[in-house]
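Structure file start19.txt (compact mmCIF, C-alpha atoms and all ligand atoms) is printed below.
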```txt
# COMPACT_ATOMS: atom_id res chain seq x y z
CA MET A 1 -113.41 4.48 -154.59
CA SER A 2 -110.52 3.21 -156.76
CA LEU A 3 -107.35 2.01 -155.08
CA ARG A 4 -105.53 4.99 -156.64
CA ASP A 5 -107.92 7.46 -154.99
CA THR A 6 -107.71 5.60 -151.67
CA LEU A 7 -103.90 5.77 -151.78
CA ILE A 8 -103.92 9.46 -152.75
CA SER A 9 -106.16 10.42 -149.85
CA GLN A 10 -104.22 8.22 -147.42
CA ILE A 11 -100.86 9.68 -148.47
CA SER A 12 -102.26 13.25 -148.47
CA ALA A 13 -103.41 12.73 -144.88
CA GLN A 14 -100.51 10.70 -143.48
CA GLY A 15 -97.48 11.58 -145.61
CA PRO A 16 -95.38 9.57 -148.08
CA MET A 17 -95.63 5.78 -148.05
CA ARG A 18 -92.78 3.31 -148.00
CA LEU A 19 -92.39 1.42 -151.29
CA ASP A 20 -92.91 -2.00 -149.69
CA ALA A 21 -96.20 -0.82 -148.17
CA TYR A 22 -97.28 0.56 -151.57
CA ILE A 23 -96.44 -2.70 -153.38
CA SER A 24 -98.10 -4.81 -150.72
CA THR A 25 -101.29 -2.73 -150.95
CA CYS A 26 -101.31 -2.90 -154.76
CA LEU A 27 -100.89 -6.67 -154.81
CA LEU A 28 -102.86 -7.82 -151.79
CA HIS A 29 -105.43 -5.14 -150.87
CA PRO A 30 -108.49 -7.17 -149.72
CA THR A 31 -110.88 -5.76 -152.33
CA HIS A 32 -108.71 -4.01 -154.97
CA GLY A 33 -105.39 -5.91 -154.86
CA TYR A 34 -103.94 -7.32 -158.06
CA TYR A 35 -103.68 -10.91 -156.75
CA THR A 36 -106.89 -10.68 -154.74
CA THR A 37 -109.08 -9.67 -157.66
CA ARG A 38 -107.54 -11.28 -160.73
CA THR A 39 -106.11 -14.43 -162.23
CA PRO A 40 -103.03 -12.84 -163.68
CA PHE A 41 -101.39 -15.93 -165.18
CA GLY A 42 -101.87 -17.71 -168.46
CA ALA A 43 -102.56 -16.58 -172.00
CA GLN A 44 -105.46 -14.34 -170.92
CA GLY A 45 -103.54 -12.88 -167.99
CA ASP A 46 -100.72 -10.38 -167.77
CA PHE A 47 -97.84 -12.81 -167.71
CA VAL A 48 -97.07 -16.48 -168.23
CA THR A 49 -95.05 -18.49 -165.74
CA ALA A 50 -93.02 -21.66 -166.33
CA PRO A 51 -95.68 -24.13 -165.07
CA GLU A 52 -98.26 -22.40 -167.29
CA ILE A 53 -95.99 -22.70 -170.34
CA SER A 54 -95.70 -26.48 -170.24
CA GLN A 55 -96.57 -29.46 -168.05
CA MET A 56 -92.93 -30.55 -168.46
CA PHE A 57 -91.78 -27.99 -165.88
CA GLY A 58 -93.93 -29.39 -163.05
CA GLU A 59 -93.28 -32.98 -164.04
CA LEU A 60 -89.51 -32.58 -163.79
CA VAL A 61 -89.77 -30.58 -160.55
CA GLY A 62 -92.01 -33.30 -159.07
CA LEU A 63 -89.63 -36.09 -160.02
CA ALA A 64 -86.63 -34.15 -158.67
CA LEU A 65 -88.39 -33.67 -155.31
CA ALA A 66 -89.55 -37.30 -155.19
CA GLN A 67 -86.03 -38.56 -156.01
CA ASN A 68 -84.62 -36.49 -153.15
CA TRP A 69 -87.39 -37.75 -150.84
CA LEU A 70 -86.29 -41.33 -151.69
CA ASP A 71 -82.62 -40.35 -151.23
CA GLN A 72 -83.46 -39.07 -147.74
CA GLY A 73 -85.07 -42.38 -146.75
CA ALA A 74 -88.68 -41.64 -147.76
CA PRO A 75 -89.74 -39.89 -144.52
CA ALA A 76 -93.45 -40.31 -143.76
CA PRO A 77 -95.56 -38.37 -143.23
CA PHE A 78 -94.00 -35.32 -144.86
CA THR A 79 -95.14 -31.87 -145.95
CA LEU A 80 -95.22 -31.25 -149.69
CA ALA A 81 -95.50 -27.48 -149.81
CA GLU A 82 -95.63 -24.69 -152.35
CA LEU A 83 -95.21 -20.97 -151.75
CA GLY A 84 -97.42 -18.76 -153.93
CA PRO A 85 -98.98 -21.54 -156.03
CA GLY A 86 -100.84 -19.26 -158.49
CA ARG A 87 -103.46 -21.35 -160.30
CA GLY A 88 -102.22 -24.59 -158.72
CA THR A 89 -100.83 -25.86 -162.03
CA LEU A 90 -97.32 -26.62 -160.75
CA MET A 91 -98.56 -28.65 -157.77
CA ALA A 92 -101.07 -30.52 -159.97
CA ASP A 93 -98.27 -31.44 -162.41
CA ILE A 94 -95.98 -32.46 -159.54
CA LEU A 95 -98.67 -34.77 -158.19
CA ARG A 96 -99.52 -36.28 -161.57
CA ALA A 97 -95.85 -36.99 -162.32
CA THR A 98 -95.18 -38.61 -158.93
CA LYS A 99 -98.21 -40.94 -158.88
CA ALA A 100 -96.02 -43.92 -159.65
CA VAL A 101 -93.45 -43.21 -156.91
CA PRO A 102 -94.27 -45.85 -154.27
CA GLY A 103 -95.48 -44.30 -151.01
CA PHE A 104 -94.97 -40.68 -152.08
CA HIS A 105 -98.62 -39.69 -152.33
CA ASP A 106 -99.66 -41.62 -149.20
CA ALA A 107 -97.02 -39.83 -147.15
CA ALA A 108 -97.46 -36.33 -148.65
CA GLN A 109 -99.48 -33.69 -146.83
CA ILE A 110 -100.09 -30.94 -149.37
CA THR A 111 -99.65 -27.46 -147.90
CA LEU A 112 -100.02 -24.21 -149.83
CA MET A 113 -98.98 -20.76 -148.65
CA GLU A 114 -101.22 -18.35 -150.55
CA ALA A 115 -102.36 -14.85 -149.66
CA SER A 116 -105.10 -14.43 -152.26
CA PRO A 117 -108.57 -15.93 -151.59
CA ALA A 118 -109.35 -15.85 -155.34
CA LEU A 119 -106.24 -17.90 -156.12
CA ARG A 120 -106.92 -20.26 -153.20
CA ALA A 121 -110.24 -21.10 -154.85
CA LEU A 122 -108.51 -21.89 -158.17
CA GLN A 123 -105.91 -24.00 -156.34
CA ALA A 124 -108.68 -25.96 -154.63
CA GLU A 125 -110.16 -26.74 -158.07
CA ALA A 126 -106.82 -27.74 -159.59
CA LEU A 127 -106.02 -30.02 -156.65
CA GLU A 128 -109.39 -31.59 -156.10
CA GLY A 129 -109.03 -34.96 -154.40
CA TYR A 130 -105.66 -34.14 -152.80
CA ALA A 131 -107.04 -32.37 -149.70
CA PRO A 132 -104.57 -29.46 -149.66
CA ARG A 133 -104.26 -27.29 -146.57
CA TRP A 134 -103.58 -23.57 -146.78
CA ILE A 135 -101.38 -21.51 -144.50
CA ASP A 136 -100.98 -17.73 -144.17
CA GLN A 137 -97.55 -17.66 -142.56
CA ILE A 138 -94.48 -19.80 -143.10
CA GLU A 139 -94.25 -20.53 -139.35
CA GLU A 140 -97.42 -22.65 -139.72
CA LEU A 141 -95.46 -25.33 -141.59
CA PRO A 142 -95.65 -28.44 -139.41
CA ASP A 143 -92.54 -29.68 -137.61
CA GLN A 144 -91.79 -32.59 -139.95
CA ALA A 145 -89.83 -33.35 -143.11
CA THR A 146 -90.71 -30.66 -145.66
CA PHE A 147 -90.25 -30.74 -149.43
CA ILE A 148 -91.08 -27.35 -150.78
CA VAL A 149 -91.16 -25.53 -154.11
CA ALA A 150 -91.53 -21.85 -154.97
CA ASN A 151 -91.73 -20.50 -158.52
CA GLU A 152 -91.87 -16.73 -159.00
CA PHE A 153 -92.86 -16.29 -155.36
CA PHE A 154 -89.94 -14.25 -154.05
CA ASP A 155 -90.14 -11.72 -156.91
CA ALA A 156 -93.70 -10.92 -155.77
CA LEU A 157 -92.62 -9.94 -152.25
CA PRO A 158 -92.50 -6.17 -151.66
CA ILE A 159 -89.15 -4.41 -151.82
CA ARG A 160 -87.67 -1.24 -150.39
CA GLN A 161 -85.29 0.92 -152.40
CA PHE A 162 -82.49 3.14 -151.11
CA VAL A 163 -80.44 5.76 -152.93
CA ARG A 164 -76.94 6.38 -151.63
CA GLU A 165 -75.95 9.87 -150.47
CA GLY A 166 -72.45 10.03 -149.04
CA THR A 167 -72.33 7.24 -146.47
CA LYS A 168 -76.08 7.47 -145.84
CA TRP A 169 -79.14 6.27 -147.74
CA ARG A 170 -82.40 7.99 -148.77
CA GLU A 171 -85.39 5.67 -148.99
CA ARG A 172 -87.59 5.86 -152.09
CA GLN A 173 -91.18 6.65 -151.17
CA VAL A 174 -94.53 7.13 -152.86
CA GLY A 175 -95.94 10.63 -152.40
CA VAL A 176 -98.60 12.83 -153.96
CA GLN A 177 -98.00 15.85 -156.18
CA ASP A 178 -100.70 17.78 -158.08
CA GLY A 179 -103.20 15.02 -157.37
CA ALA A 180 -100.98 12.24 -158.78
CA LEU A 181 -98.82 9.54 -157.22
CA VAL A 182 -95.11 10.33 -157.57
CA PHE A 183 -91.82 8.85 -156.37
CA GLY A 184 -89.79 10.85 -153.88
CA LEU A 185 -86.89 10.33 -151.49
CA GLY A 186 -86.96 10.34 -147.70
CA PRO A 187 -84.27 11.93 -145.50
CA ALA A 188 -80.68 10.63 -145.62
CA GLN A 189 -80.12 8.14 -142.82
CA PRO A 190 -77.39 5.69 -141.90
CA GLN A 191 -78.36 2.07 -142.65
CA PRO A 192 -76.06 -0.23 -140.69
CA ALA A 193 -77.67 -3.28 -142.37
CA PHE A 194 -76.18 -2.15 -145.70
CA ALA A 195 -72.69 -1.38 -144.38
CA ASP A 196 -71.14 -3.82 -146.88
CA ARG A 197 -72.86 -2.02 -149.78
CA LEU A 198 -70.80 1.09 -149.09
CA GLU A 199 -67.90 -0.89 -150.58
CA ASP A 200 -69.45 -1.64 -153.99
CA THR A 201 -71.68 1.41 -154.60
CA LYS A 202 -71.13 5.10 -155.25
CA ASP A 203 -73.12 8.25 -154.62
CA GLY A 204 -76.51 8.14 -156.35
CA ASP A 205 -76.61 4.33 -156.74
CA LEU A 206 -79.87 2.59 -155.90
CA ILE A 207 -80.03 -0.69 -154.00
CA GLU A 208 -83.00 -2.87 -153.14
CA ASP A 209 -83.95 -4.85 -150.07
CA CYS A 210 -86.74 -7.41 -149.74
CA PRO A 211 -87.44 -7.50 -145.99
CA ALA A 212 -89.80 -10.52 -146.09
CA ALA A 213 -87.60 -12.84 -148.18
CA ALA A 214 -84.81 -13.82 -145.77
CA PRO A 215 -87.10 -14.58 -142.77
CA ILE A 216 -89.28 -16.87 -144.95
CA LEU A 217 -86.30 -18.72 -146.40
CA SER A 218 -84.64 -18.97 -143.03
CA THR A 219 -87.76 -20.58 -141.51
CA VAL A 220 -87.88 -23.06 -144.41
CA SER A 221 -84.18 -23.86 -143.99
CA THR A 222 -84.53 -24.39 -140.26
CA ARG A 223 -87.40 -26.87 -140.85
CA ILE A 224 -85.32 -28.70 -143.44
CA ALA A 225 -82.19 -28.77 -141.28
CA SER A 226 -84.10 -30.09 -138.23
CA HIS A 227 -86.55 -32.54 -139.83
CA GLY A 228 -85.20 -33.34 -143.31
CA GLY A 229 -86.59 -32.32 -146.67
CA ALA A 230 -85.58 -29.96 -149.44
CA ALA A 231 -86.50 -26.69 -151.09
CA LEU A 232 -86.38 -25.85 -154.78
CA ILE A 233 -86.61 -22.14 -155.59
CA PHE A 234 -87.05 -20.67 -159.09
CA ASP A 235 -86.98 -16.97 -159.85
CA TYR A 236 -85.36 -14.31 -161.97
CA GLY A 237 -82.80 -11.96 -160.63
CA ASP A 238 -79.19 -11.29 -159.95
CA TRP A 239 -76.39 -11.79 -157.48
CA ARG A 240 -76.48 -8.65 -155.28
CA THR A 241 -78.93 -5.99 -156.43
CA LEU A 242 -77.83 -2.76 -158.04
CA GLY A 243 -80.26 -0.41 -159.73
CA ASP A 244 -84.03 -0.13 -159.94
CA THR A 245 -85.60 -3.47 -160.93
CA LEU A 246 -89.18 -2.70 -159.91
CA GLN A 247 -91.41 -3.50 -162.84
CA ALA A 248 -95.11 -3.26 -163.54
CA VAL A 249 -96.77 -5.43 -166.19
CA GLN A 250 -100.32 -5.11 -167.43
CA ASP A 251 -101.74 -6.97 -170.45
CA HIS A 252 -98.30 -8.45 -171.26
CA ALA A 253 -96.79 -4.94 -171.55
CA PRO A 254 -94.63 -2.89 -169.18
CA THR A 255 -96.36 0.05 -167.52
CA ASP A 256 -95.63 2.72 -164.91
CA PRO A 257 -95.75 1.15 -161.40
CA LEU A 258 -97.67 4.20 -160.10
CA ALA A 259 -100.13 4.49 -163.00
CA ALA A 260 -102.92 2.16 -161.98
CA PRO A 261 -102.44 0.63 -158.52
CA GLY A 262 -103.98 -2.84 -158.23
CA CYS A 263 -104.30 -3.25 -162.02
CA ALA A 264 -100.71 -4.21 -162.84
CA ASP A 265 -98.44 -6.93 -161.52
CA LEU A 266 -95.52 -5.48 -159.56
CA THR A 267 -92.34 -7.51 -159.22
CA ALA A 268 -88.66 -6.95 -158.63
CA HIS A 269 -85.57 -8.98 -159.38
CA VAL A 270 -84.67 -11.41 -156.64
CA ASP A 271 -81.35 -10.86 -154.91
CA PHE A 272 -79.92 -14.38 -154.85
CA GLU A 273 -77.07 -13.34 -152.57
CA ALA A 274 -79.58 -12.32 -149.88
CA LEU A 275 -81.51 -15.59 -150.32
CA LEU A 276 -78.40 -17.77 -150.08
CA ARG A 277 -77.30 -15.92 -146.96
CA ALA A 278 -80.54 -17.01 -145.29
CA CYS A 279 -79.99 -20.74 -146.01
CA PRO A 280 -77.81 -21.89 -143.08
CA PRO A 281 -78.20 -24.14 -141.12
CA ALA A 282 -79.35 -26.04 -144.25
CA VAL A 283 -77.08 -26.20 -147.30
CA PRO A 284 -77.83 -24.44 -150.60
CA SER A 285 -76.77 -25.65 -154.04
CA ARG A 286 -75.06 -23.41 -156.53
CA ILE A 287 -77.33 -20.99 -158.34
CA THR A 288 -78.07 -22.72 -161.64
CA PRO A 289 -79.72 -21.34 -164.79
CA GLN A 290 -83.22 -22.80 -165.22
CA GLY A 291 -82.38 -24.02 -168.73
CA VAL A 292 -79.33 -25.94 -167.53
CA PHE A 293 -81.28 -27.48 -164.65
CA LEU A 294 -84.15 -28.63 -166.89
CA GLU A 295 -81.76 -30.04 -169.51
CA ARG A 296 -79.90 -32.00 -166.82
CA LEU A 297 -83.21 -33.50 -165.71
CA GLY A 298 -83.97 -34.64 -169.27
CA ILE A 299 -86.47 -32.08 -170.55
CA THR A 300 -85.40 -32.75 -174.15
CA GLN A 301 -86.16 -36.48 -173.87
CA ARG A 302 -89.50 -35.68 -172.23
CA ALA A 303 -90.28 -33.12 -174.95
CA GLN A 304 -89.49 -35.67 -177.67
CA SER A 305 -91.69 -38.27 -176.04
CA LEU A 306 -94.65 -35.85 -175.72
CA ALA A 307 -94.09 -34.66 -179.30
CA GLN A 308 -94.84 -38.11 -180.68
CA SER A 309 -98.57 -37.71 -180.02
CA LEU A 310 -98.77 -34.10 -181.30
CA THR A 311 -99.24 -32.64 -184.77
CA GLY A 312 -99.78 -29.25 -186.43
CA GLU A 313 -100.31 -26.23 -184.18
CA GLN A 314 -100.11 -28.29 -180.99
CA LEU A 315 -96.70 -29.60 -182.00
CA ASP A 316 -95.51 -26.08 -182.88
CA ASP A 317 -96.71 -24.80 -179.47
CA HIS A 318 -94.99 -27.67 -177.70
CA ILE A 319 -91.67 -27.01 -179.45
CA ALA A 320 -91.99 -23.29 -178.65
CA ALA A 321 -92.70 -24.09 -174.98
CA HIS A 322 -89.59 -26.25 -174.70
CA ARG A 323 -87.52 -23.45 -176.20
CA ARG A 324 -89.12 -20.82 -174.00
CA LEU A 325 -88.35 -22.71 -170.79
CA THR A 326 -84.76 -23.54 -171.65
CA HIS A 327 -83.24 -21.27 -174.29
CA PRO A 328 -80.65 -18.79 -172.95
CA GLN A 329 -82.34 -15.94 -174.81
CA GLU A 330 -85.75 -16.77 -173.34
CA MET A 331 -86.25 -17.96 -169.73
CA GLY A 332 -83.25 -20.32 -169.70
CA ASN A 333 -80.69 -17.88 -168.33
CA LEU A 334 -82.69 -15.08 -166.72
CA PHE A 335 -84.50 -17.57 -164.52
CA LYS A 336 -82.36 -19.34 -162.01
CA THR A 337 -82.84 -22.10 -159.52
CA PHE A 338 -81.20 -23.39 -156.39
CA GLY A 339 -81.94 -26.18 -153.96
CA ILE A 340 -81.61 -26.50 -150.20
CA VAL A 341 -81.04 -29.75 -148.32
CA PRO A 342 -79.96 -30.70 -144.79
CA ASN A 343 -76.24 -30.79 -144.11
CA GLY A 344 -74.91 -34.19 -145.24
CA ALA A 345 -77.97 -35.10 -147.37
CA PRO A 346 -77.66 -35.68 -151.12
CA MET A 347 -78.42 -32.58 -153.21
CA LEU A 348 -81.49 -32.53 -155.45
CA PRO A 349 -80.92 -34.03 -158.91
CA GLY A 350 -79.71 -31.50 -161.47
CA LEU A 351 -78.04 -29.28 -158.85
CA GLU A 352 -74.65 -29.31 -157.15
CA THR A 353 -73.19 -27.80 -154.01
N1 LIG A 401 -96.09 -19.92 -158.61
C1 LIG A 401 -97.14 -19.49 -159.51
C2 LIG A 401 -97.56 -18.04 -159.28
C3 LIG A 401 -96.50 -16.98 -159.16
S1 LIG A 401 -97.18 -15.38 -158.84
C4 LIG A 401 -96.71 -19.74 -160.94
O1 LIG A 401 -95.54 -20.03 -161.16
O2 LIG A 401 -97.55 -19.67 -161.84
C5 LIG A 401 -96.97 -15.14 -157.10
C6 LIG A 401 -97.86 -15.98 -156.22
O3 LIG A 401 -97.53 -15.68 -154.87
C7 LIG A 401 -99.36 -15.73 -156.35
O4 LIG A 401 -100.03 -16.94 -156.11
C8 LIG A 401 -99.59 -14.73 -155.20
O5 LIG A 401 -100.92 -14.61 -154.80
C9 LIG A 401 -98.70 -15.31 -154.14
N2 LIG A 401 -98.27 -14.38 -153.10
C10 LIG A 401 -97.75 -13.15 -153.26
N3 LIG A 401 -97.40 -12.61 -152.07
C11 LIG A 401 -97.68 -13.55 -151.13
C12 LIG A 401 -97.54 -13.60 -149.71
N4 LIG A 401 -97.02 -12.59 -149.04
N5 LIG A 401 -97.93 -14.73 -149.08
C13 LIG A 401 -98.45 -15.77 -149.77
N6 LIG A 401 -98.62 -15.77 -151.11
C14 LIG A 401 -98.24 -14.69 -151.78
```
Would you write out, as structure tokens, the structure that this file holds?
Ligand code: SAH
Amino acid sequence: MSLRDTLISQISAQGPMRLDAYISTCLLHPTHGYYTTRTPFGAQGDFVTAPEISQMFGELVGLALAQNWLDQGAPAPFTLAELGPGRGTLMADILRATKAVPGFHDAAQITLMEASPALRALQAEALEGYAPRWIDQIEELPDQATFIVANEFFDALPIRQFVREGTKWRERQVGVQDGALVFGLGPAQPQPAFADRLEDTKDGDLIEDCPAAAPILSTVSTRIASHGGAALIFDYGDWRTLGDTLQAVQDHAPTDPLAAPGCADLTAHVDFEALLRACPPAVPSRITPQGVFLERLGITQRAQSLAQSLTGEQLDDHIAAHRRLTHPQEMGNLFKTFGIVPNGAPMLPGLET
């Protein structure tokens, strides 16, 4: 039975489904989920992420984390963690770039939080020789200094959507009509958690909430505040969500999120305000455009140095990759980054508080 048919019979029997449950099923269903059954990244996949565009991304991220590890007194042992590592490319580039940092590899315990068994297998291949450990839940991070990176992880976490009606909110749900999946709205209910959104929205406006994001970030921040370390988060999104940002992508093209459950990637813009709110007791940097961050870390010099050994098509691809990562009209502005460090510790290079 296809995932679409399973969902239709489940909803027909039990009633409309919350959007976060629908997204979670589409992405992580044990046998039909998008991440569980596919390798969505890279030229053959549905979308390309920064570490898959160029090795320069992971190299600069690795050196930024290692510099901050040195700035915090080189704690050992420490956890070097990634949330949602995809094919393992970013962590592999981080490790290659930091080989020459004295003591860094000896002290690092590589920990990956990954929900998909198929992607775990690819990560194991990419990180052969580094003995990574996988965790299911963020609480499993050991109680020690933790340096952690997440690229396009938070946008993959399921969202809920609410449409304002008067001073109440109607939740967007997935229902069934004439044998097809359709969006509908639940009953109007007060939502005390969104009391502040009554000030900047009007009747009919749609807001989004990502229930899993803040608890994950808050656990990371508590580890960092208590034991030292840093987090570096990259994603695309806005300050305070307004409007429907749920998007489905299949074969590099946008599609209807309800059309083929499990066959398309589903993501939503990250609400950076909600993430920053979850940072205390650790201290976040300012939200910084990815292009600005990478330029501050010297991506142009690195690109020039790599270009010296390239010619023809490879050189053209390399120049395009540099542009894609940094140019304001490509990923440079839409993608943003921020860091988190303990109170009183130096901020990660390229970022400011
Ligand atoms: N960071 C990678 C992949 C981004 S895609 C890159 O930049 O290429 C999102 C990743 O998060 C995938 O590896 C996906 O399987 C993982 N993921 C999604 N939801 C998750 C969850 N709830 N827990 C752990 N991993 C999750």
| said: List as a VMD selection string the protein and nucleic acid residues lying within 6 Å of ligand LIG 401 (chain A), with all atoms listed in the file counted. | reply: chain A and resid 35 49 to 51 84 to 86 113 to 116 151 to 153 156 to 157
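In this comparison, which uses all atoms listed in the file, the residue of A:Pro254, A:Pro289, A:Pro284, A:Gly33 approaching Phe47 in chain A most closely is A:Pro254.
Minimum distance to Thr89 in chain A across A:Ile53, A:Ala259, A:Ala303, A:Ala278 (counting all atoms listed in the file) occurs at A:Ile53.
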| said: If I take CA of Leu348 in chain A and CA of Ser221 in chain A, how far is one from the other in Å, to one decimal? | reply: 14.6 Å
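From CA of Ala21 in chain A back to CA of Trp169 in chain A, the distance works out to 18.5 Å.
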| message | Which residues are near Leu276 in chain A? Cut-off 12 Å, all atoms listed in the file, ignore same chain within fewer than 6 positions. Put them as a list in words. | response | Ala213, Ala214, Pro215, Leu217, Ser218, Ser221, Ile233, Asp238, Trp239, Arg240, Val270, Ala282, Val283, Pro284, Ser285, Arg286, Ile287, Thr337, Phe338, Gly339, Ile340 and Thr353 of chain A
| With distances taken over all atoms listed in the file, which of A:Arg96, A:Arg160, A:Arg87, A:Arg324 is nearest to Gly129 in chain A? | A:Arg96
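Nearest to Leu351 in chain A of all the residues A:Val61, A:Gln177, A:Ala212, A:Thr245 is A:Val61, counting only C-alpha atoms.
Among the candidate residues A:Met17, A:Ala92, A:Ala260, A:Leu141, the one lying nearest to Glu52 in chain A is A:Ala92, with distances computed using all atoms listed in the file.
The gap separating CA of Pro142 in chain A from CA of His227 in chain A is 10.0 Å, in Å to one decimal.
Closest approach to Trp134 in chain A from the set A:Ala107, A:Leu80, A:Ala225, A:Ala188 is made by A:Leu80, with distances taken over all atoms listed in the file.
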| query | Which protein, DNA or RNA residues are at most 12 Å from (-92.9, 11.7, -157.9) in the file's coordinates when you count all atoms listed in the file, listed as a PyMOL selection string? | reply | chain A and resi 16-17+172-186+256-259
| task | For Ser2 in chain A, work out the shell of residues within 12 Å, counting all atoms listed in the file and skipping chain neighbours fewer than 6 positions away, then give it as a ChimeraX atom specification. | result | /A:8-9,26,29,31-33,260-263
| task | Give me the residues within 12 Å of Glu125 in chain A as a PyMOL selection string, counting all atoms listed in the file and dropping any in the same chain fewer than 2 places off. | result | chain A and resi 86-89+91-92+118-123+127-132
| said: Neighbouring residues of Val220 in chain A were defined as those with any atom within 9 Å, considering all atoms listed in the file; residues of the same chain fewer than 3 positions away were excluded. Please report them as a list of chain:residue names. | reply: A:Ile138, A:Glu139, A:Leu141, A:Thr146, A:Ile148, A:Pro215, A:Ile216, A:Leu217, A:Arg223, A:Ile224, A:Ala225, A:Ala230, A:Ala231, A:Cys279
| request: Could you give me, as a PyMOL selection string, the residues within 12 Å of Glu208 in chain A, counting only C-alpha atoms and dropping anything in the same chain fewer than 4 positions from it? | output: chain A and resi 19-20+155+157-164+169-172+194+197+237-246+268-271+274
| task | Around the point (-95.1, -26.4, -148.1) in the file's coordinates, collect all residues with an atom within 6 Å, using all atoms listed in the file, and return them as a ChimeraX atom specification. | result | /A:79-82,111-112,148
